[in-house]
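> One structure follows; several queries about it will come next.
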Amino acid sequence: MRRSALDDRGGIITERGTDRVTVRLRIVAGMVSPDQLRGLADIAARYNVGLSLTVRQTIELFHVDPAHLMDLISDLEKNGTPLGSEKTEVVNVTACPGIDRCVFGLIDSLDLAKKIDSIHFGRDMPVKTRISVSSCPHSCMSERLCEIGVTGVVRPQRKSGDCTGCDNCTQYCKKGAISVKNGLLHMDMEKCILCGMCILSCPYGIIHADPPAYQITVGGRRGTSPAAGRHLVTVKSPKEALRVVGLVVEWIYRSAWDGALLSDQLNDLNFDRFKGRVLADLPPDEIETGY
Ligand code: SF4
Ligand code: SF4
Ligand code: SF4
C-alpha cells in the first residue's frame with residue numbers, strides 16, 4: 001500500500017500483509033465510560049472493524065479501510081475516545097486504580113495520570129516515551145520499566161507504644177524487612193520496599209508513616225532485555241511529581257536522539273548531571289531524602 005500523510009499520524013498502524021490499518025485510541029489509564037464503550041461498539045459495527053485491548057490500557061480498532069479513516073477519526077473524537085499514539089511520541093499514559101479502588105494504594109495515580117496526559121500526551125519525541133504511574137511499590141503498571149515511572153511509596157516508622165509481639169506485621173511483610181525480638185520491633189530499611197503493608201497490618205497502631213511520596217524513575221526498558229529505570233528523585237507532592245515529569249520530558253526532548261532506546265542513552269545524556277540539576281532546582285523541603 002502506498003504510504004500517505006495519514007501514516008504519520010501517531011495512532012495509525014499499517015497492518016501486516018493487508019491494505020488495512022489499525023487505529024489506536026487515546027484512553028488515559030484505561031478509564032472509559034459505559035457510554036464511550038457503547039459508542040465504540042457502534043463505531044466498530046458501522047465501519048465493520050474489529051476491537052481489541054492493548055497491554056497499555058488502550059483499545060485498538062483493526063482492519064480499518066484507509067478510505068474511511070477521516071470519517072472514523074471524526075466519529076472517535078465525537079465519542080470522547082480520540083486517536084492515540086504509538087510512534088516516537090509521548091504515548092498512552094497508564095496508571096493503576098490506586099487509592100480510588102485498591103486497598104494498597106498510596107497516591108492518587110489516576111488523577112496524576114490524567115494531569116500528565118493533559119500536558120504531555122502526543123508530544124513528538126526523539127524516542128517513544130511511555131509514562132506510567134503505580135500507586136504503590138507492588139508496581140502493577142511495571143512503571144519502572146517505562147521511560148518515565150512514578151511510584152507511590154511510604155516509609156514505615158515505629159511509634160512509641162507497646163508492641164505486643166503478635167507478629168502480624170512480620171507475616172504481612174513479604175520482604176522479610178521486619179522482625180520482632182524480645183517484644184521489640186526491628187526494621188531493616190535495606191530490605192524494605194516502602195509498600196506500607198506493615199502499617200495496615202498492625203492492629204495497635206505501632207507502625208506509622210509520614211504522608212506518601214512520589215518516586216520517579218527514568219530510562220526503564222521492556223522487550224528483549226528488560227531493566228528498571230534509574231531513580232531520579234522522590235518528591236512529597238503530586239504538584240512536584242508533575243513538575244519533575246515535565247522536566248524529564250523536556251530533557252529527553254532536547255537531549256536524546258532517535259534510533260536507540262532511552263535506557264541505552266542515559267550515560268551519554270549525562271543523566272547524573274541532569275539529576276543534580278533537578279535536585280538543585282527543587283525546593284529542598286519537597287525532596288524526600290533517603291528514598
Ligand atoms: S500498584 Fe499497588 S495500588 Fe496499584 S493496583 Fe497494584 S497493588 Fe494496587
Ligand atoms: S513497608 Fe513493606 S517492605 Fe517495608 S517493612 Fe513494611 S511491609 Fe515490609
Ligand atoms: S503488628 Fe504491631 S503489635 Fe504486632 S508485632 Fe507488629 S508492631 Fe508489634
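Quick note on naming: the chains in the C-alpha cells go A, B, ... in the order shown, residues restart at 1 in each chain, and ligands are numbered from 1 in order of appearance.
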For region 115-132 of chain A, list every protein, DNA or RNA residue within 6 Å, evaluated using only C-alpha atoms, and leave out those in the same chain fewer than 6 positions away; present the list as a PyMOL selection string.
chain A and resi 88-91+93-95+143+146-149+253+257-258
> Which residues of region 166-231 of chain A come within 8 Å of region 261-285 of chain A, and what is each one's closest atom pair and distance in Å (one decimal), counting only C-alpha atoms, sorted by chain and residue number, as a tab-separated table?

residue	atom	partner	partner_atom	distance
A:Gly219	CA	A:Ser263	CA	4.4
A:Gly220	CA	A:Ser263	CA	6.0
A:Arg221	CA	A:Ser263	CA	6.4
A:Gly229	CA	A:Ser263	CA	7.3
> Using only all heavy atoms, please write the residues we just selected to a file, as a PDB file, in the first residue's frame.

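So selection-v3.pdb came out as:
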ATOM      1  N   GLY A 219      14.207   5.960  32.263  1.00  0.00           N
ATOM      2  CA  GLY A 219      15.010   5.122  31.371  1.00  0.00           C
ATOM      3  C   GLY A 219      14.831   3.635  31.571  1.00  0.00           C
ATOM      4  O   GLY A 219      15.750   2.865  31.288  1.00  0.00           O
ATOM      5  N   GLY A 220      13.659   3.210  32.016  1.00  0.00           N
ATOM      6  CA  GLY A 220      13.393   1.774  32.084  1.00  0.00           C
ATOM      7  C   GLY A 220      13.194   1.219  30.678  1.00  0.00           C
ATOM      8  O   GLY A 220      12.995   1.958  29.720  1.00  0.00           O
ATOM      9  N   ARG A 221      13.280  -0.106  30.561  1.00  0.00           N
ATOM     10  CA  ARG A 221      13.103  -0.709  29.236  1.00  0.00           C
ATOM     11  C   ARG A 221      12.357  -2.030  29.347  1.00  0.00           C
ATOM     12  O   ARG A 221      12.455  -2.733  30.355  1.00  0.00           O
ATOM     13  CB  ARG A 221      14.449  -0.905  28.558  1.00  0.00           C
ATOM     14  CG  ARG A 221      15.369  -1.842  29.302  1.00  0.00           C
ATOM     15  CD  ARG A 221      16.764  -1.798  28.766  1.00  0.00           C
ATOM     16  NE  ARG A 221      16.843  -2.378  27.449  1.00  0.00           N
ATOM     17  CZ  ARG A 221      17.863  -2.158  26.618  1.00  0.00           C
ATOM     18  NH1 ARG A 221      18.844  -1.369  26.975  1.00  0.00           N
ATOM     19  NH2 ARG A 221      17.892  -2.736  25.449  1.00  0.00           N
ATOM     20  N   GLY A 229      14.296   1.413  35.389  1.00  0.00           N
ATOM     21  CA  GLY A 229      14.868   2.737  35.189  1.00  0.00           C
ATOM     22  C   GLY A 229      15.687   3.176  36.397  1.00  0.00           C
ATOM     23  O   GLY A 229      15.648   2.554  37.457  1.00  0.00           O
TER      24      GLY A 229
END
> Hey, could you make a per-residue contact list for region 27-110 of chain A against region 188-202 of chain A with 12 Å as the cut-off, showing the nearest pair of atoms and its distance in Å to one decimal, counting only C-alpha atoms, sorted by chain and number, as CSV?

residue,atom,partner,partner_atom,distance
A:Val103,CA,A:Leu200,CA,9.4
A:Phe104,CA,A:Met197,CA,7.3
A:Gly105,CA,A:Cys195,CA,9.1
A:Leu106,CA,A:Gly196,CA,8.3
A:Ile107,CA,A:Cys195,CA,11.5
> Sort by chain and increasing residue number a table of all residues of chain A within 8 Å of ligand 1, each with its closest pair of atoms and their distance in Å to one decimal, counting only C-alpha atoms and all ligand atoms, and write it as a Markdown table.

| residue | atom | partner | partner_atom_place_in_ligand_line | distance |
| --- | --- | --- | --- | --- |
| A:Ala95 | CA | ligand 1 | 4 (Fe) | 7.7 |
| A:Cys96 | CA | ligand 1 | 4 (Fe) | 4.6 |
| A:Pro97 | CA | ligand 1 | 5 (S) | 5.5 |
| A:Gly98 | CA | ligand 1 | 3 (S) | 4.1 |
| A:Ile99 | CA | ligand 1 | 3 (S) | 6.6 |
| A:Arg101 | CA | ligand 1 | 8 (Fe) | 7.8 |
| A:Cys102 | CA | ligand 1 | 8 (Fe) | 4.6 |
| A:Val103 | CA | ligand 1 | 8 (Fe) | 6.5 |
| A:Phe104 | CA | ligand 1 | 3 (S) | 4.7 |
| A:Gly105 | CA | ligand 1 | 3 (S) | 3.4 |
| A:Leu106 | CA | ligand 1 | 3 (S) | 6.4 |
| A:Ile107 | CA | ligand 1 | 3 (S) | 7.9 |
| A:Ser109 | CA | ligand 1 | 4 (Fe) | 7.9 |
| A:Ser134 | CA | ligand 1 | 1 (S) | 4.5 |
| A:Ser135 | CA | ligand 1 | 3 (S) | 4.3 |
| A:Cys136 | CA | ligand 1 | 2 (Fe) | 4.0 |
| A:Pro137 | CA | ligand 1 | 1 (S) | 6.1 |
| A:His138 | CA | ligand 1 | 1 (S) | 4.7 |
| A:Ser139 | CA | ligand 1 | 1 (S) | 4.2 |
| A:Cys140 | CA | ligand 1 | 6 (Fe) | 4.2 |
| A:Met141 | CA | ligand 1 | 1 (S) | 6.4 |
| A:Thr151 | CA | ligand 1 | 1 (S) | 7.9 |
> Write the residues you've just listed into a file as a short mmCIF file (atom, residue, chain, number, x, y, z; two decimals), in the first residue's frame, and include N, CA and C atoms for each of them.

data_model
loop_
_atom_site.label_atom_id
_atom_site.label_comp_id
_atom_site.auth_asym_id
_atom_site.auth_seq_id
_atom_site.Cartn_x
_atom_site.Cartn_y
_atom_site.Cartn_z
N ALA A 95 -2.01 4.04 34.32
CA ALA A 95 -2.00 4.13 35.80
C ALA A 95 -2.84 3.00 36.37
N CYS A 96 -2.49 2.60 37.58
CA CYS A 96 -3.30 1.61 38.29
C CYS A 96 -4.44 2.34 39.01
N PRO A 97 -5.43 1.61 39.55
CA PRO A 97 -6.58 2.28 40.19
C PRO A 97 -6.21 3.05 41.45
N GLY A 98 -5.10 2.64 42.10
CA GLY A 98 -4.62 3.39 43.27
C GLY A 98 -5.66 3.58 44.34
N ILE A 99 -5.62 4.74 44.99
CA ILE A 99 -6.49 4.96 46.16
C ILE A 99 -7.96 4.99 45.78
N ARG A 101 -9.54 2.59 44.23
CA ARG A 101 -10.14 1.27 44.39
C ARG A 101 -9.28 0.23 45.09
N CYS A 102 -7.98 0.42 45.12
CA CYS A 102 -7.10 -0.65 45.62
C CYS A 102 -6.73 -0.41 47.08
N VAL A 103 -6.86 -1.43 47.89
CA VAL A 103 -6.60 -1.32 49.32
C VAL A 103 -5.14 -0.97 49.61
N PHE A 104 -4.24 -1.28 48.67
CA PHE A 104 -2.81 -1.00 48.90
C PHE A 104 -2.40 0.38 48.39
N GLY A 105 -3.31 1.08 47.74
CA GLY A 105 -2.97 2.35 47.10
C GLY A 105 -2.43 3.38 48.08
N LEU A 106 -1.43 4.14 47.63
CA LEU A 106 -0.83 5.18 48.47
C LEU A 106 -1.05 6.57 47.88
N ILE A 107 -1.06 6.68 46.56
CA ILE A 107 -1.22 8.01 45.94
C ILE A 107 -2.37 7.97 44.93
N SER A 109 -3.11 7.87 41.77
CA SER A 109 -2.45 7.59 40.49
C SER A 109 -3.30 8.03 39.30
N SER A 134 2.21 3.90 39.20
CA SER A 134 1.69 2.88 40.13
C SER A 134 1.53 3.52 41.49
N SER A 135 0.43 3.22 42.13
CA SER A 135 0.12 3.89 43.39
C SER A 135 0.90 3.32 44.57
N CYS A 136 1.56 2.17 44.38
CA CYS A 136 2.37 1.59 45.46
C CYS A 136 3.48 0.75 44.84
N PRO A 137 4.47 0.34 45.64
CA PRO A 137 5.62 -0.39 45.08
C PRO A 137 5.30 -1.79 44.57
N HIS A 138 4.06 -2.25 44.68
CA HIS A 138 3.76 -3.53 44.03
C HIS A 138 3.83 -3.38 42.51
N SER A 139 3.80 -2.14 42.06
CA SER A 139 4.14 -1.81 40.66
C SER A 139 3.36 -2.60 39.62
N CYS A 140 2.05 -2.63 39.79
CA CYS A 140 1.22 -3.35 38.82
C CYS A 140 1.34 -2.80 37.41
N MET A 141 1.75 -1.54 37.27
CA MET A 141 1.88 -0.95 35.93
C MET A 141 3.27 -1.14 35.34
N THR A 151 6.06 6.03 41.18
CA THR A 151 5.62 5.01 42.12
C THR A 151 5.30 5.66 43.47
#
> Which of region 121-290 of chain A end up as strand (DSSP E) when DSSP is run on this backbone - answer as a PyMOL selection string?
chain A and resi 131-134+148-153+156-158+178-181+184-187+207-209+213-218+230-235
